[in-house]
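What follows is one structure encoded as structure tokens, with my remarks underneath.
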Amino acid sequence: MNKKLSILTNGILKENPVLRLVLGTCPTLAVTTAAFNGLGMGLAATFVLVCSNIAISSLRKVIPDKVRLPAYITVIATFVTIVQMLVQAFAQDLYSALGVYLPLIVVNCIILGRAEMFASKNNVLDSALDGLGMGLGFTATLLVMASIREILGAGTFFGMRVLPEENCITMMGTPPGGFFTFGVLMALVVFIETKMGQRKKRAIGCEGCPSAANCQSKGACN
């Protein structure tokens with residue numbers, strides 16, 4: 001039970017895909033100008049993560065090693081297409097706001113990385129929990145970033161006015177505001193780790209990866 005709980009919670013802080021593994025930063029910076037957009041992107045990516053992890057884990061003994069990456073991308077693209085059609089049908093405003101970043105979930109490093117590093121080497125239940133945990137961590141990061149940027153940049157939260165327009169910092173709605181918020185949150189995570197006594201010196205290469213313990217391909221990325 002403790003192992004299952006650890007797999008589920010790793011992606012929220014310890015191995016947060018954005019703030020610790022620094023993956024998926026392109027959509028993170030691009031769509032977090034509004035809380036609604038950040039939440040929508042996070043939920044869409046979580047659905048793809050969970051479903052693709054389950055499918056790839058189920059097929060891990062069937063997929064030939066030489067074509068595993070094209071096979072993984074095909075599986076991921078299938079679920080992304082499903083999400084894209086559902087969002088277009090039932091959330092047209094979100095579909096328009098996310099734009100090209102919705103179909104680009106196919107090449108999101110978080111999803112392909114978890115498929116290669118975890119789902120292809122673990123059972124279905126563990127892979128589903130890993131996908132859910134990473135998805136929750138990704139969604140939480142996007143929602144926090146988007147909330148900060150929307151409140152400070154536009155004075156609204158999910159479209160509702162919370163700050164007078166004259167008190168807004170317009171820079172927060174621009175790319176520099178996104179990078180600034182991203183950097184502050186990364187620094188906050190380091191601060192929390194330090195206070196909790198969990199801050200470790202990161203080595204270069206596979207040894208420095210927070211997910212190295214779960215990876216059976218050590219050295220392959222060097």
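In the structure tokens, chains take the letters A, B, ... in the order shown, each chain's residues start at 1, and ligands count up from 1 in the order shown.
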Rows by chain and residue number, segment 103-211 of chain A within 7 Å of segment 39-57 of chain A, shortest pair, only C-alpha atoms, as a tab-separated table:
```
residue	atom	partner	partner_atom	distance
A:Ile105	CA	A:Ala45	CA	6.7
A:Ile111	CA	A:Leu49	CA	5.6
A:Ala115	CA	A:Asn53	CA	5.9
A:Ala119	CA	A:Ser57	CA	4.8
A:Ser120	CA	A:Ser57	CA	5.3
A:Asn122	CA	A:Ser57	CA	6.5
A:Asn123	CA	A:Ser57	CA	6.0
A:Val124	CA	A:Ser57	CA	5.4
A:Ser127	CA	A:Asn53	CA	5.5
A:Ala128	CA	A:Val50	CA	5.2
A:Gly131	CA	A:Val50	CA	4.5
A:Leu132	CA	A:Val50	CA	5.6
A:Gly135	CA	A:Thr46	CA	4.1
A:Leu136	CA	A:Thr46	CA	6.8
A:Phe138	CA	A:Gly42	CA	6.1
A:Thr139	CA	A:Gly42	CA	4.0
A:Leu142	CA	A:Gly42	CA	6.6
A:Leu143	CA	A:Leu39	CA	5.5
```
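Residues in contact with Met145 of chain A at 8 Å, where only C-alpha atoms are counted and same-chain residues fewer than 5 positions away are skipped, are listed as A:Thr32, A:Ala35, A:Gly38, A:Gly178, A:Thr181, A:Phe182.
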Export N, CA and C atoms of the chosen residues as a PDB file, in the first residue's frame?
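And here's selection-v6.pdb as it stands now:
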```pdb
ATOM      1  N   THR A  32      -0.850  29.422 -19.412  1.00  0.00           N
ATOM      2  CA  THR A  32      -1.155  29.790 -18.030  1.00  0.00           C
ATOM      3  C   THR A  32      -1.469  31.274 -17.853  1.00  0.00           C
ATOM      4  N   ALA A  35      -6.640  30.933 -15.444  1.00  0.00           N
ATOM      5  CA  ALA A  35      -6.823  29.721 -14.646  1.00  0.00           C
ATOM      6  C   ALA A  35      -7.649  28.671 -15.394  1.00  0.00           C
ATOM      7  N   GLY A  38      -5.350  26.870 -17.823  1.00  0.00           N
ATOM      8  CA  GLY A  38      -4.416  25.992 -17.143  1.00  0.00           C
ATOM      9  C   GLY A  38      -5.079  24.725 -16.638  1.00  0.00           C
ATOM     10  N   GLY A 178       5.350  35.004 -17.349  1.00  0.00           N
ATOM     11  CA  GLY A 178       5.292  33.554 -17.224  1.00  0.00           C
ATOM     12  C   GLY A 178       6.610  32.982 -16.723  1.00  0.00           C
ATOM     13  N   THR A 181       7.066  33.900 -12.970  1.00  0.00           N
ATOM     14  CA  THR A 181       6.243  33.056 -12.093  1.00  0.00           C
ATOM     15  C   THR A 181       6.809  31.645 -12.012  1.00  0.00           C
ATOM     16  N   PHE A 182       7.239  31.122 -13.145  1.00  0.00           N
ATOM     17  CA  PHE A 182       7.834  29.784 -13.207  1.00  0.00           C
ATOM     18  C   PHE A 182       9.071  29.711 -12.319  1.00  0.00           C
TER      19      PHE A 182
END
```
### Summary
Separating atom CA of Val106 of chain A from atom CA of Ser58 of chain A, to the nearest tenth of an Å, is a gap of 19.4 Å
### Task
Determine which residues of segment 150-202 of chain A DSSP labels as strand (DSSP E) from the backbone of this structure, then write them out as a list of chain:residue names.
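Result set for segment 150-202 of chain A (strand (DSSP E)): A:Thr156, A:Phe157, A:Met160, A:Arg161.
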### Task
Write out as a ChimeraX atom specification which residues come within 10 Å of Gly153 of chain A when counting only C-alpha atoms, dropping same-chain ones fewer than 3 positions away.
/A:33-34,146-150,156,163,165,167-174,177
#### Entry: For atom CA of Val107 of chain A and atom CA of Thr9 of chain A, the interatomic separation in Å (one decimal)
24.0 Å
### Given only C-alpha atoms as the counted atoms, nearest of A:Phe157, A:Leu94, A:Lys14, A:Leu59 to Tyr72 of chain A
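Of the candidates, the smallest distance to Tyr72 of chain A is held by A:Leu59.
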### Query
Which residue gives the smallest distance to Val144 of chain A among A:Pro17, A:Pro70, A:Ile7, A:Phe36, with only C-alpha atoms counted?
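Ranked by minimum distance to Val144 of chain A, first place goes to A:Phe36.
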